[in-house]
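Raw run-v1.cif, mmCIF, C-alpha atoms:
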data_work
loop_
_atom_site.label_atom_id
_atom_site.label_comp_id
_atom_site.auth_asym_id
_atom_site.auth_seq_id
_atom_site.Cartn_x
_atom_site.Cartn_y
_atom_site.Cartn_z
CA MET E 1 -10.20 -288.95 180.20
CA ASN E 2 -12.06 -291.86 178.63
CA SER E 3 -13.68 -291.39 175.25
CA PRO E 4 -17.37 -292.23 174.80
CA GLN E 5 -16.28 -295.34 172.95
CA ASP E 6 -14.35 -296.53 175.99
CA THR E 7 -17.43 -296.56 178.17
CA ALA E 8 -19.93 -297.67 175.52
CA PRO E 9 -21.96 -300.71 176.51
CA SER E 10 -20.74 -303.97 175.03
CA ILE E 11 -22.62 -305.20 171.96
CA SER E 12 -21.85 -308.08 169.65
CA LEU E 13 -18.89 -307.17 167.45
CA TRP E 14 -20.46 -309.25 164.69
CA ARG E 15 -23.06 -306.47 164.36
CA ASP E 16 -20.35 -303.89 163.75
CA ARG E 17 -19.76 -303.81 159.98
CA ARG E 18 -16.44 -302.01 160.31
CA PHE E 19 -15.07 -304.63 162.68
CA VAL E 20 -16.39 -307.45 160.49
CA ARG E 21 -14.55 -305.99 157.46
CA PHE E 22 -11.40 -305.58 159.52
CA TRP E 23 -11.71 -309.11 160.90
CA ALA E 24 -12.27 -310.51 157.39
CA GLY E 25 -9.22 -308.68 156.03
CA MET E 26 -7.00 -309.90 158.85
CA SER E 27 -8.36 -313.43 158.53
CA VAL E 28 -7.75 -313.82 154.82
CA SER E 29 -4.20 -312.47 155.02
CA GLN E 30 -3.45 -314.76 157.96
CA PHE E 31 -4.61 -317.74 155.93
CA GLY E 32 -2.10 -316.84 153.24
CA ASP E 33 0.60 -316.33 155.85
CA ARG E 34 0.21 -319.88 157.08
CA ILE E 35 0.97 -321.15 153.60
CA SER E 36 4.08 -318.98 153.22
CA GLU E 37 5.34 -319.90 156.69
CA LEU E 38 5.59 -323.46 155.43
CA ALA E 39 6.41 -322.74 151.79
CA LEU E 40 9.36 -320.39 152.29
CA PRO E 41 11.46 -322.73 154.46
CA LEU E 42 10.47 -325.63 152.19
CA ILE E 43 11.76 -323.68 149.18
CA ALA E 44 15.04 -323.28 151.04
CA VAL E 45 15.22 -326.88 152.28
CA ALA E 46 13.80 -328.84 149.34
CA ALA E 47 14.46 -326.69 146.27
CA LEU E 48 17.70 -324.93 147.30
CA HIS E 49 19.11 -327.61 149.66
CA ALA E 50 19.75 -325.06 152.40
CA SER E 51 21.67 -325.96 155.55
CA ALA E 52 20.39 -325.46 159.11
CA GLY E 53 22.32 -322.19 159.34
CA GLN E 54 20.88 -320.90 156.07
CA VAL E 55 17.32 -321.76 157.14
CA ALA E 56 17.95 -319.96 160.43
CA TRP E 57 19.13 -316.87 158.56
CA LEU E 58 15.93 -316.93 156.49
CA THR E 59 13.89 -316.70 159.70
CA ALA E 60 16.27 -314.09 161.10
CA LEU E 61 15.93 -311.81 158.08
CA ALA E 62 12.15 -311.97 158.21
CA TRP E 63 12.24 -310.53 161.73
CA ALA E 64 15.32 -308.30 161.47
CA PRO E 65 13.34 -305.16 160.39
CA ASN E 66 11.79 -305.11 163.86
CA LEU E 67 15.12 -303.82 165.14
CA LEU E 68 14.16 -300.49 163.52
CA ALA E 69 10.54 -300.59 164.71
CA ILE E 70 11.26 -298.09 167.49
CA VAL E 71 12.08 -295.42 164.89
CA LEU E 72 9.34 -296.42 162.47
CA GLY E 73 6.78 -296.39 165.28
CA ALA E 74 7.76 -292.83 166.20
CA TRP E 75 7.30 -291.82 162.56
CA VAL E 76 3.93 -293.60 162.27
CA ASP E 77 2.71 -291.89 165.47
CA HIS E 78 2.72 -288.53 163.66
CA ARG E 79 0.98 -289.80 160.55
CA VAL E 80 -2.72 -289.00 160.46
CA HIS E 81 -4.09 -291.92 158.45
CA LYS E 82 -3.02 -295.21 159.98
CA ARG E 83 -5.40 -297.17 157.74
CA ARG E 84 -3.58 -295.98 154.61
CA LEU E 85 -0.26 -297.15 156.01
CA MET E 86 -1.74 -300.58 156.74
CA ILE E 87 -3.06 -300.81 153.16
CA LEU E 88 0.35 -299.76 151.79
CA ALA E 89 2.03 -302.48 153.84
CA ASP E 90 -0.37 -305.09 152.43
CA LEU E 91 0.31 -304.00 148.85
CA ILE E 92 4.08 -304.06 149.35
CA ARG E 93 3.96 -307.60 150.72
CA ALA E 94 1.79 -308.79 147.83
CA CYS E 95 4.15 -307.37 145.20
CA VAL E 96 7.28 -308.75 146.85
CA LEU E 97 5.84 -312.25 147.26
CA LEU E 98 4.80 -312.37 143.60
CA THR E 99 8.45 -312.12 142.58
CA LEU E 100 8.99 -315.71 143.77
CA PRO E 101 6.61 -317.48 141.36
CA ALA E 102 7.80 -315.13 138.60
CA ALA E 103 11.41 -316.13 139.23
CA TYR E 104 10.39 -319.77 139.43
CA LEU E 105 8.79 -319.62 135.97
CA LEU E 106 12.06 -318.14 134.67
CA GLY E 107 14.11 -320.77 136.50
CA THR E 108 16.04 -318.17 138.51
CA VAL E 109 14.95 -318.74 142.14
CA THR E 110 17.96 -318.30 144.45
CA LEU E 111 18.62 -318.27 148.17
CA LEU E 112 19.58 -314.59 147.87
CA GLN E 113 16.16 -313.76 146.44
CA LEU E 114 14.50 -315.75 149.22
CA TYR E 115 16.46 -313.69 151.76
CA ALA E 116 15.37 -310.45 150.04
CA VAL E 117 11.71 -311.52 150.08
CA ALA E 118 11.94 -312.37 153.78
CA LEU E 119 13.56 -309.01 154.58
CA LEU E 120 11.17 -306.84 152.56
CA THR E 121 8.00 -308.59 153.69
CA GLY E 122 9.29 -308.34 157.25
CA ALA E 123 9.80 -304.57 156.85
CA ALA E 124 6.26 -304.15 155.50
CA ALA E 125 4.94 -306.19 158.42
CA VAL E 126 6.61 -303.76 160.85
CA LEU E 127 4.89 -300.84 159.11
CA PHE E 128 1.53 -302.62 159.41
CA ASN E 129 2.05 -303.59 163.03
CA THR E 130 3.04 -300.11 164.21
CA ALA E 131 -0.01 -298.57 162.52
CA TYR E 132 -2.29 -301.30 163.87
CA PRO E 133 -2.56 -300.40 167.64
CA PRO E 134 -4.13 -296.91 167.28
CA PHE E 135 -6.39 -298.17 164.50
CA PHE E 136 -7.58 -301.08 166.66
CA ALA E 137 -8.04 -298.89 169.76
CA HIS E 138 -10.36 -296.52 167.89
CA LEU E 139 -12.19 -299.24 165.99
CA VAL E 140 -13.12 -301.36 169.04
CA PRO E 141 -14.66 -300.16 172.36
CA ARG E 142 -12.33 -300.76 175.31
CA SER E 143 -14.91 -303.00 176.96
CA SER E 144 -14.61 -305.30 173.92
CA TYR E 145 -10.80 -305.48 173.66
CA VAL E 146 -10.53 -309.05 174.94
CA ASP E 147 -13.50 -310.17 172.84
CA ALA E 148 -12.08 -308.53 169.70
CA ASN E 149 -8.62 -309.98 170.25
CA SER E 150 -10.21 -313.38 170.86
CA LYS E 151 -12.08 -313.21 167.55
CA LEU E 152 -9.02 -312.03 165.64
CA SER E 153 -6.87 -314.71 167.25
CA ALA E 154 -9.50 -317.37 166.61
CA SER E 155 -9.51 -316.60 162.90
CA ARG E 156 -5.72 -316.66 162.89
CA SER E 157 -5.82 -320.02 164.61
CA ALA E 158 -8.47 -321.33 162.23
CA SER E 159 -6.21 -320.37 159.34
CA SER E 160 -3.45 -322.31 161.06
CA VAL E 161 -5.63 -325.41 161.04
CA VAL E 162 -6.29 -325.26 157.30
CA GLY E 163 -3.33 -323.22 156.08
CA PRO E 164 -0.40 -325.58 156.76
CA ALA E 165 -2.27 -328.63 155.46
CA ALA E 166 -3.36 -326.72 152.35
CA GLY E 167 0.14 -325.28 152.05
CA GLY E 168 1.73 -328.72 152.23
CA ALA E 169 -0.64 -330.01 149.56
CA LEU E 170 -0.06 -326.96 147.34
CA VAL E 171 3.70 -327.35 147.69
CA GLN E 172 3.51 -330.98 146.62
CA VAL E 173 1.16 -330.32 143.69
CA LEU E 174 2.31 -326.89 142.47
CA THR E 175 5.78 -326.54 144.08
CA ALA E 176 6.52 -324.10 146.90
CA PRO E 177 7.22 -320.96 144.82
CA VAL E 178 3.84 -321.21 143.08
CA ALA E 179 2.05 -321.87 146.38
CA VAL E 180 3.25 -318.45 147.62
CA ILE E 181 0.81 -316.83 145.15
CA ALA E 182 -1.98 -317.63 147.64
CA ASP E 183 -0.32 -315.42 150.27
CA ALA E 184 0.16 -312.56 147.79
CA LEU E 185 -3.51 -312.69 146.82
CA SER E 186 -4.51 -312.70 150.49
CA PHE E 187 -2.70 -309.40 151.06
CA LEU E 188 -4.49 -307.85 148.08
CA ALA E 189 -7.82 -309.00 149.56
CA SER E 190 -6.86 -307.54 152.94
CA ALA E 191 -6.07 -304.17 151.36
CA ALA E 192 -9.41 -304.16 149.55
CA LEU E 193 -11.34 -304.92 152.75
CA LEU E 194 -9.51 -302.28 154.80
CA GLY E 195 -10.08 -299.59 152.17
CA PRO E 196 -13.69 -298.58 152.98
CA ILE E 197 -13.28 -298.62 156.78
CA ARG E 198 -13.50 -295.19 158.42
CA ILE E 199 -12.71 -294.55 162.09
CA ASP E 200 -12.77 -291.47 164.30
CA GLU E 201 -9.25 -290.67 165.46
CA PRO E 202 -9.60 -287.24 167.11
CA ALA E 203 -6.58 -287.57 169.38
CA ILE E 204 -4.39 -288.75 166.53
CA ALA E 205 -5.71 -286.44 163.84
CA ALA E 206 -5.16 -283.44 166.09
CA ARG E 207 -1.45 -284.12 166.59
CA GLU E 208 0.74 -281.48 165.00
CA THR E 209 3.36 -282.48 162.47
CA ALA E 210 5.90 -280.24 164.18
CA GLY E 211 7.35 -281.16 167.55
CA PRO E 212 10.11 -283.30 168.99
CA SER E 213 12.56 -284.96 166.64
CA LEU E 214 12.00 -288.49 165.39
CA LEU E 215 14.72 -289.92 167.61
CA ARG E 216 13.38 -288.10 170.65
CA ARG E 217 9.88 -289.46 170.04
CA ALA E 218 11.36 -292.93 169.65
CA ARG E 219 13.18 -292.53 172.96
CA GLU E 220 9.94 -291.42 174.65
CA GLY E 221 8.25 -294.63 173.55
CA LEU E 222 11.04 -296.77 175.00
CA VAL E 223 11.15 -294.79 178.25
CA PHE E 224 7.38 -295.17 178.66
CA VAL E 225 7.68 -298.96 178.33
CA VAL E 226 10.62 -299.22 180.75
CA ARG E 227 8.94 -297.08 183.43
CA HIS E 228 5.51 -298.69 183.22
CA PRO E 229 5.29 -301.67 185.63
CA VAL E 230 2.94 -303.69 183.43
CA LEU E 231 4.67 -303.01 180.12
CA ARG E 232 8.15 -303.53 181.59
CA ALA E 233 7.31 -306.97 182.99
CA SER E 234 5.33 -308.05 179.93
CA LEU E 235 8.16 -306.96 177.65
CA GLY E 236 10.73 -308.97 179.62
CA CYS E 237 8.47 -312.03 179.58
CA ALA E 238 7.54 -311.79 175.90
CA THR E 239 11.14 -311.13 174.86
CA THR E 240 12.37 -314.21 176.72
CA LEU E 241 9.58 -316.28 175.17
CA ASN E 242 10.37 -315.00 171.70
CA PHE E 243 14.08 -315.66 172.02
CA PHE E 244 13.70 -319.29 173.03
CA THR E 245 10.75 -320.13 170.78
CA PHE E 246 12.78 -318.77 167.87
CA VAL E 247 15.75 -320.86 168.90
CA SER E 248 13.35 -323.60 167.81
CA SER E 249 11.85 -321.48 165.00
CA THR E 250 9.34 -322.74 162.45
CA GLY E 251 12.13 -323.11 159.92
CA LEU E 252 14.26 -325.17 162.27
CA THR E 253 11.24 -327.23 163.31
CA VAL E 254 10.45 -327.90 159.65
CA LEU E 255 14.08 -328.92 159.13
CA PHE E 256 13.88 -331.21 162.18
CA ALA E 257 10.63 -332.76 160.94
CA ASP E 258 12.05 -333.24 157.45
CA ARG E 259 15.54 -334.56 158.18
CA VAL E 260 15.32 -336.11 161.66
CA LEU E 261 11.70 -337.27 161.85
CA GLY E 262 11.68 -338.12 158.14
CA LEU E 263 8.25 -336.64 157.43
CA SER E 264 7.07 -335.57 153.97
CA ALA E 265 5.95 -332.02 153.17
CA GLY E 266 2.31 -333.09 153.19
CA THR E 267 2.66 -334.87 156.53
CA ILE E 268 4.47 -331.90 158.08
CA GLY E 269 1.72 -329.57 156.89
CA LEU E 270 -0.99 -331.90 158.18
CA ALA E 271 0.69 -332.23 161.58
CA PHE E 272 1.01 -328.46 161.90
CA GLY E 273 -2.60 -328.04 160.80
CA ILE E 274 -4.01 -330.57 163.26
CA GLY E 275 -1.82 -329.16 166.02
CA SER E 276 -3.07 -325.66 165.28
CA THR E 277 -6.54 -326.60 166.44
CA GLY E 278 -5.04 -325.96 169.87
CA ALA E 279 -4.51 -322.33 168.96
CA LEU E 280 -8.11 -322.10 167.79
CA ALA E 281 -9.31 -323.63 171.04
CA GLY E 282 -7.03 -321.32 173.01
CA ALA E 283 -8.34 -318.23 171.26
CA VAL E 284 -11.95 -319.24 171.90
CA ILE E 285 -11.49 -320.08 175.58
CA ALA E 286 -9.07 -317.23 176.42
CA PRO E 287 -11.85 -314.77 177.42
CA LYS E 288 -13.55 -317.44 179.54
CA ILE E 289 -10.31 -318.44 181.25
CA SER E 290 -9.51 -314.80 181.98
CA ARG E 291 -12.95 -314.29 183.54
CA TRP E 292 -12.40 -317.42 185.63
CA ILE E 293 -8.85 -316.93 186.95
CA GLY E 294 -8.19 -313.32 185.91
CA VAL E 295 -6.40 -311.65 183.00
CA GLY E 296 -3.00 -311.68 184.72
CA ARG E 297 -3.00 -315.33 185.76
CA THR E 298 -4.12 -316.35 182.28
CA ILE E 299 -1.12 -314.51 180.84
CA ALA E 300 1.16 -316.33 183.28
CA ALA E 301 -0.35 -319.71 182.40
CA GLY E 302 0.18 -319.04 178.72
CA ALA E 303 3.80 -318.06 179.33
CA VAL E 304 4.45 -321.62 180.55
CA LEU E 305 2.17 -323.61 178.24
CA PHE E 306 3.47 -321.92 175.09
CA PRO E 307 7.15 -323.01 175.15
CA ALA E 308 7.08 -326.21 177.24
CA PRO E 309 5.53 -328.56 174.63
CA ILE E 310 8.47 -327.99 172.26
CA ALA E 311 10.14 -330.79 174.25
CA ILE E 312 7.44 -333.24 173.07
CA ALA E 313 8.46 -332.78 169.45
CA ALA E 314 12.12 -333.05 170.44
CA THR E 315 11.62 -336.53 171.94
CA ALA E 316 9.50 -337.90 169.07
CA SER E 317 10.43 -341.35 167.76
CA GLY E 318 8.86 -344.58 166.51
CA PRO E 319 6.70 -345.12 163.43
CA THR E 320 5.63 -342.29 161.13
CA TRP E 321 2.23 -341.87 162.77
CA ALA E 322 3.87 -341.50 166.20
CA ARG E 323 6.42 -338.96 164.98
CA ALA E 324 3.77 -336.93 163.17
CA GLY E 325 1.45 -337.27 166.18
CA ALA E 326 4.11 -335.98 168.58
CA LEU E 327 4.66 -332.96 166.35
CA GLY E 328 0.90 -332.36 166.23
CA VAL E 329 0.46 -332.68 170.02
CA ALA E 330 3.34 -330.27 170.66
CA GLU E 331 1.79 -327.73 168.29
CA PHE E 332 -1.66 -328.28 169.83
CA LEU E 333 -0.56 -327.53 173.41
CA ALA E 334 1.72 -324.68 172.38
CA GLY E 335 -1.17 -323.22 170.38
CA ILE E 336 -3.39 -323.11 173.46
CA GLY E 337 -0.60 -321.50 175.45
CA VAL E 338 0.25 -318.78 172.93
CA MET E 339 -3.41 -317.74 172.63
CA LEU E 340 -3.95 -317.55 176.38
CA PHE E 341 -0.86 -315.35 176.47
CA ASP E 342 -1.47 -313.19 173.38
CA VAL E 343 -5.20 -312.51 173.62
CA ASN E 344 -5.00 -311.28 177.21
CA LEU E 345 -1.66 -309.50 176.98
CA ASN E 346 -2.62 -307.65 173.79
CA SER E 347 -5.85 -306.52 175.44
CA LEU E 348 -4.04 -305.40 178.59
CA GLN E 349 -1.53 -303.42 176.54
CA ALA E 350 -4.29 -301.74 174.54
CA ALA E 351 -5.82 -300.64 177.86
CA VAL E 352 -2.66 -299.19 179.43
CA ILE E 353 -1.13 -297.30 176.48
CA PRO E 354 -2.51 -293.77 175.94
CA ASP E 355 -3.52 -292.31 172.58
CA GLY E 356 -0.71 -290.45 170.88
CA MET E 357 1.79 -292.97 172.25
CA ARG E 358 0.44 -296.19 170.78
CA SER E 359 2.56 -296.46 167.63
CA ARG E 360 5.82 -295.35 169.23
CA VAL E 361 5.26 -297.68 172.20
CA ALA E 362 4.41 -300.49 169.78
CA GLY E 363 7.60 -299.67 167.87
CA ALA E 364 9.75 -299.67 171.00
CA TYR E 365 8.09 -302.86 172.19
CA SER E 366 8.58 -304.54 168.82
CA THR E 367 12.23 -303.50 168.56
CA VAL E 368 13.02 -305.40 171.74
CA ASN E 369 10.36 -308.12 171.66
CA TYR E 370 10.49 -308.95 167.96
CA GLY E 371 14.05 -307.81 167.46
CA ILE E 372 15.18 -310.68 169.69
CA ARG E 373 13.59 -313.17 167.29
CA PRO E 374 16.29 -313.09 164.59
CA ILE E 375 18.90 -313.39 167.34
CA GLY E 376 17.11 -316.45 168.68
CA ALA E 377 16.87 -317.91 165.19
CA VAL E 378 20.59 -317.40 164.57
CA VAL E 379 21.45 -318.92 167.96
CA GLY E 380 19.26 -321.89 167.07
CA GLY E 381 21.06 -322.25 163.77
CA MET E 382 24.41 -322.19 165.58
CA LEU E 383 23.32 -324.61 168.30
CA ALA E 384 21.83 -327.21 165.95
CA PRO E 385 25.15 -328.30 164.37
CA LEU E 386 26.90 -328.20 167.76
CA ILE E 387 24.49 -330.09 170.02
CA GLY E 388 21.98 -331.51 167.54
CA LEU E 389 18.44 -330.55 166.59
CA ARG E 390 16.79 -332.51 169.41
CA ALA E 391 18.93 -330.91 172.12
CA THR E 392 18.34 -327.47 170.60
CA LEU E 393 14.56 -327.92 170.85
CA ILE E 394 14.79 -329.08 174.47
CA THR E 395 16.98 -326.08 175.34
CA ALA E 396 14.33 -323.82 173.81
CA ALA E 397 11.57 -325.45 175.89
CA VAL E 398 13.41 -325.03 179.20
CA GLY E 399 14.53 -321.47 178.48
CA GLY E 400 11.05 -320.42 177.38
CA VAL E 401 9.44 -321.55 180.64
CA LEU E 402 11.86 -319.28 182.55
CA SER E 403 9.99 -316.29 181.07
CA LEU E 404 7.53 -316.68 183.95
CA LEU E 405 10.14 -315.19 186.30
CA TRP E 406 9.48 -311.75 184.78
CA LEU E 407 5.79 -311.86 185.69
CA LEU E 408 5.85 -313.18 189.24
CA PRO E 409 7.13 -310.01 191.00
CA SER E 410 5.07 -307.67 188.77
CA PRO E 411 1.45 -306.47 189.16
CA ILE E 412 0.35 -308.62 186.22
CA PRO E 413 -0.60 -311.85 188.09
CA ARG E 414 -2.90 -309.79 190.34
CA ILE E 415 -4.75 -308.05 187.50
CA ARG E 416 -8.27 -309.41 187.48
CA SER E 417 -10.05 -307.63 184.63
CA LEU E 418 -10.08 -304.65 182.25
CA ALA E 419 -13.05 -302.83 183.75
CA PRO E 420 -14.21 -299.69 181.87
CA ASP E 421 -13.45 -297.48 184.87
CA ASP E 422 -9.93 -298.90 185.29
CA PRO E 423 -7.45 -295.96 185.52
CA PHE E 424 -5.19 -297.93 183.13
CA ALA E 425 -7.58 -296.85 180.37
CA ASP E 426 -5.83 -293.49 180.24
CA GLY E 427 -2.35 -294.94 180.52
CA GLY E 428 -1.62 -293.11 183.73
CA SER E 429 1.61 -293.05 185.63
CA GLU E 430 2.69 -295.72 188.08
CA ALA E 431 1.36 -293.68 190.95
CA GLU E 432 -2.13 -293.25 189.55
CA SER E 433 -2.58 -296.42 187.49
CA ARG E 434 -4.15 -299.24 189.40
CA PRO E 435 -5.53 -302.38 187.72
CA VAL E 436 -8.50 -304.26 189.06
CA LEU E 437 -6.75 -306.60 191.50
CA GLN E 438 -7.85 -309.76 193.18
#
Exercise: express the given structure as structure tokens:
Amino acid sequence: MNSPQDTAPSISLWRDRRFVRFWAGMSVSQFGDRISELALPLIAVAALHASAGQVAWLTALAWAPNLLAIVLGAWVDHRVHKRRLMILADLIRACVLLTLPAAYLLGTVTLLQLYAVALLTGAAAVLFNTAYPPFFAHLVPRSSYVDANSKLSASRSASSVVGPAAGGALVQVLTAPVAVIADALSFLASAALLGPIRIDEPAIAARETAGPSLLRRAREGLVFVVRHPVLRASLGCATTLNFFTFVSSTGLTVLFADRVLGLSAGTIGLAFGIGSTGALAGAVIAPKISRWIGVGRTIAAGAVLFPAPIAIAATASGPTWARAGALGVAEFLAGIGVMLFDVNLNSLQAAVIPDGMRSRVAGAYSTVNYGIRPIGAVVGGMLAPLIGLRATLITAAVGGVLSLLWLLPSPIPRIRSLAPDDPFADGGSEAESRPVLQ
């Protein structure tokens, strides 16, 4: 049965103070993330002279906690206050990141510490991400899912435009460990903005603490994903995408740009920032594209446009402006693709997963989808010395495009919209769930 919020008429989300606070908190923390995404691998490459394999392990450790997301999601599902867990995750990440500038001032920054920071911040991110889906579903009316995801993705993309360029400049002026302070402060700001938000979670608050064991609840989340035609296909597609895009992970791409393309930290940051305008454009146009060709076809288009441009960066050559430009163009096109994919797929998933299952399904999904990322990063680190960085990036581009094969036989390409009366709103079974088809 749909809640009143599900069928509420659409109004501008900018008039909803709770959403605006949530959006602001997410936006400021994402800005800080963009700096750390550049600063952490640069600490490894420039300050600690890390090898390709060591940089790959840094990326792998950041995503490794997702392998336990299926269990953590089952635990989070039976916690009443998801907002408090999200705040806790923000505070943990802030404290852990602050250890880097502290160690730098003492002259004791090591690769081992960098690994520990990546692992612990990754674990806190899993906690945040498993608490996020039920919080989002009760904060935003179902009719506004795509709009809300578009706004959240647009702010993330806007941070990607400014963040890497600012991060590159901060690294050059203050050094990478000190630049990480900006990310730590962003998590503190996010926690402060989330604090006053109150949402009505009747279905979640009413869940009893007693019941099936943790492992059984975790298994139920995985079984739900495997049996659901939309979630099963989207999981296969997203997992394939994540594997191959992490074969050419940010760390490896930074290494490629630094050692093969010969770009400075500031130039790398500027190229990533300019390229990220594509993600901003993609987030803004994603709702319009989905209304034009349908939610499902937009997801399929993004599944191709996201990984394919990696090959542009791989073939970059010539003068500095051409090499930096190729990196920027690749990031620009990939940014459009990932937003077409993410905005619509996240909205579709929010519509098909029922209350009481959201965190455990998110955990099961993340274990497979995000858990493949460290494997992809390690494979990339192993391939780079064997076949070279350029060939590794091209392999990632070709493999990523193959993710489309998961979607073609599924119902997803035929899903037109997320209408309020869509039976998917209640997360029904295969027999009773029918999307709005073309």
Next item on the list: Run through the PyMOL selection byres ((chain E and resi 69) around 8) on the given coordinates and return the selected residues as a list in words.
Entry: Pro65, Asn66, Leu67, Leu68, Ile70, Val71, Leu72, Gly73, Val126, Leu127, Thr130, Ala362, Gly363, Ala364, Ser366 and Thr367 of chain E
Writer output for current selection, C-alpha atoms, as a PDB file, keeping the file's coordinate frame:
ATOM      1  CA  PRO E  65      13.340-305.160 160.390  1.00  0.00           C
ATOM      2  CA  ASN E  66      11.790-305.110 163.860  1.00  0.00           C
ATOM      3  CA  LEU E  67      15.120-303.820 165.140  1.00  0.00           C
ATOM      4  CA  LEU E  68      14.160-300.490 163.520  1.00  0.00           C
ATOM      5  CA  ILE E  70      11.260-298.090 167.490  1.00  0.00           C
ATOM      6  CA  VAL E  71      12.080-295.420 164.890  1.00  0.00           C
ATOM      7  CA  LEU E  72       9.340-296.420 162.470  1.00  0.00           C
ATOM      8  CA  GLY E  73       6.780-296.390 165.280  1.00  0.00           C
ATOM      9  CA  VAL E 126       6.610-303.760 160.850  1.00  0.00           C
ATOM     10  CA  LEU E 127       4.890-300.840 159.110  1.00  0.00           C
ATOM     11  CA  THR E 130       3.040-300.110 164.210  1.00  0.00           C
ATOM     12  CA  ALA E 362       4.410-300.490 169.780  1.00  0.00           C
ATOM     13  CA  GLY E 363       7.600-299.670 167.870  1.00  0.00           C
ATOM     14  CA  ALA E 364       9.750-299.670 171.000  1.00  0.00           C
ATOM     15  CA  SER E 366       8.580-304.540 168.820  1.00  0.00           C
ATOM     16  CA  THR E 367      12.230-303.500 168.560  1.00  0.00           C
TER      17      THR E 367
END
Item checked: Point-to-point distance from CA of Arg390 in chain E to CA of Glu37 in chain E, Å rounded to tenths -> 21.3 Å
Notebook entry, point to check: Using only C-alpha atoms, which of E:Arg360, E:Arg259, E:Arg17, E:Arg34 sits nearest Gly388 in chain E?
Noted result: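 Of the candidates, the smallest distance to Gly388 in chain E is held by E:Arg259.
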Item checked: Target residues per the PyMOL selection byres ((chain E and resi 115) around 8), formatted as a PyMOL selection string -> chain E and resi 57-58+61-62+111-114+116-119
For this file, the PyMOL selection byres ((chain E and resi 316-330) around 9) selects which residues, as a PDB file with C-alpha atoms, keeping the file's coordinate frame?
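Saved the output as out-v4.pdb:
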ATOM      1  CA  ALA E 257      10.630-332.760 160.940  1.00  0.00           C
ATOM      2  CA  LEU E 261      11.700-337.270 161.850  1.00  0.00           C
ATOM      3  CA  GLY E 262      11.680-338.120 158.140  1.00  0.00           C
ATOM      4  CA  LEU E 263       8.250-336.640 157.430  1.00  0.00           C
ATOM      5  CA  THR E 267       2.660-334.870 156.530  1.00  0.00           C
ATOM      6  CA  ILE E 268       4.470-331.900 158.080  1.00  0.00           C
ATOM      7  CA  LEU E 270      -0.990-331.900 158.180  1.00  0.00           C
ATOM      8  CA  ALA E 271       0.690-332.230 161.580  1.00  0.00           C
ATOM      9  CA  PHE E 272       1.010-328.460 161.900  1.00  0.00           C
ATOM     10  CA  GLY E 273      -2.600-328.040 160.800  1.00  0.00           C
ATOM     11  CA  ILE E 274      -4.010-330.570 163.260  1.00  0.00           C
ATOM     12  CA  GLY E 275      -1.820-329.160 166.020  1.00  0.00           C
ATOM     13  CA  SER E 276      -3.070-325.660 165.280  1.00  0.00           C
ATOM     14  CA  GLY E 278      -5.040-325.960 169.870  1.00  0.00           C
ATOM     15  CA  ALA E 308       7.080-326.210 177.240  1.00  0.00           C
ATOM     16  CA  PRO E 309       5.530-328.560 174.630  1.00  0.00           C
ATOM     17  CA  ILE E 310       8.470-327.990 172.260  1.00  0.00           C
ATOM     18  CA  ALA E 311      10.140-330.790 174.250  1.00  0.00           C
ATOM     19  CA  ILE E 312       7.440-333.240 173.070  1.00  0.00           C
ATOM     20  CA  ALA E 313       8.460-332.780 169.450  1.00  0.00           C
ATOM     21  CA  ALA E 314      12.120-333.050 170.440  1.00  0.00           C
ATOM     22  CA  THR E 315      11.620-336.530 171.940  1.00  0.00           C
ATOM     23  CA  GLU E 331       1.790-327.730 168.290  1.00  0.00           C
ATOM     24  CA  PHE E 332      -1.660-328.280 169.830  1.00  0.00           C
ATOM     25  CA  LEU E 333      -0.560-327.530 173.410  1.00  0.00           C
ATOM     26  CA  ALA E 334       1.720-324.680 172.380  1.00  0.00           C
ATOM     27  CA  GLY E 335      -1.170-323.220 170.380  1.00  0.00           C
TER      28      GLY E 335
END
Note to self: I want to know what sits within 7 Å of range 88-95 of chain E, based on only C-alpha atoms, with residues of the same chain fewer than 3 positions away left out; could you give that as a ChimeraX atom specification?
What the structure shows: /E:84-85,98-99,121,124-125,127-128,184-185,187-188,190-191
Next item on the list: Could you tell me which of E:Val247, E:Val338, E:Leu152, E:Val20 comes closest to Ala301 in chain E if we count only C-alpha atoms?
Entry: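 Closest to Ala301 in chain E, using only C-alpha atoms: E:Val338.
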Next item on the list: Between E:Ala303, E:Ala391, E:Ala377, E:Leu408, single out the one closest to Ala238 in chain E, counting all atoms listed in the file.
Entry: E:Ala303
Margin query: Neighbouring residues of Ile181 in chain E were defined as those with any atom within 12 Å, considering all atoms listed in the file; residues of the same chain fewer than 3 positions away were excluded. Please report them as a ChimeraX atom specification.
Written below: /E:29,32-33,35-36,39-40,93-102,104,167,170-171,174-178,184-188
Next item on the list: Record the distance separating CA of Ile415 in chain E and CA of Ser347 in chain E, expressed in Å with one decimal.
Entry: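 Separation between CA of Ile415 in chain E and CA of Ser347 in chain E: 12.2 Å.
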Check: Arg18 in chain E: which residues within 10 Å, counting only C-alpha atoms, same-chain residues fewer than 5 positions away excluded, as a ChimeraX atom specification?
Finding: /E:13,23-24,139-140,193-194,196-199
Output file for the selection above: C-alpha atoms, as a short mmCIF file (atom, residue, chain, number, x, y, z; two decimals), in the coordinates of the input:
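For reference, again10.cif as written:
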data_model
loop_
_atom_site.label_atom_id
_atom_site.label_comp_id
_atom_site.auth_asym_id
_atom_site.auth_seq_id
_atom_site.Cartn_x
_atom_site.Cartn_y
_atom_site.Cartn_z
CA LEU E 13 -18.89 -307.17 167.45
CA TRP E 23 -11.71 -309.11 160.90
CA ALA E 24 -12.27 -310.51 157.39
CA LEU E 139 -12.19 -299.24 165.99
CA VAL E 140 -13.12 -301.36 169.04
CA LEU E 193 -11.34 -304.92 152.75
CA LEU E 194 -9.51 -302.28 154.80
CA PRO E 196 -13.69 -298.58 152.98
CA ILE E 197 -13.28 -298.62 156.78
CA ARG E 198 -13.50 -295.19 158.42
CA ILE E 199 -12.71 -294.55 162.09
#
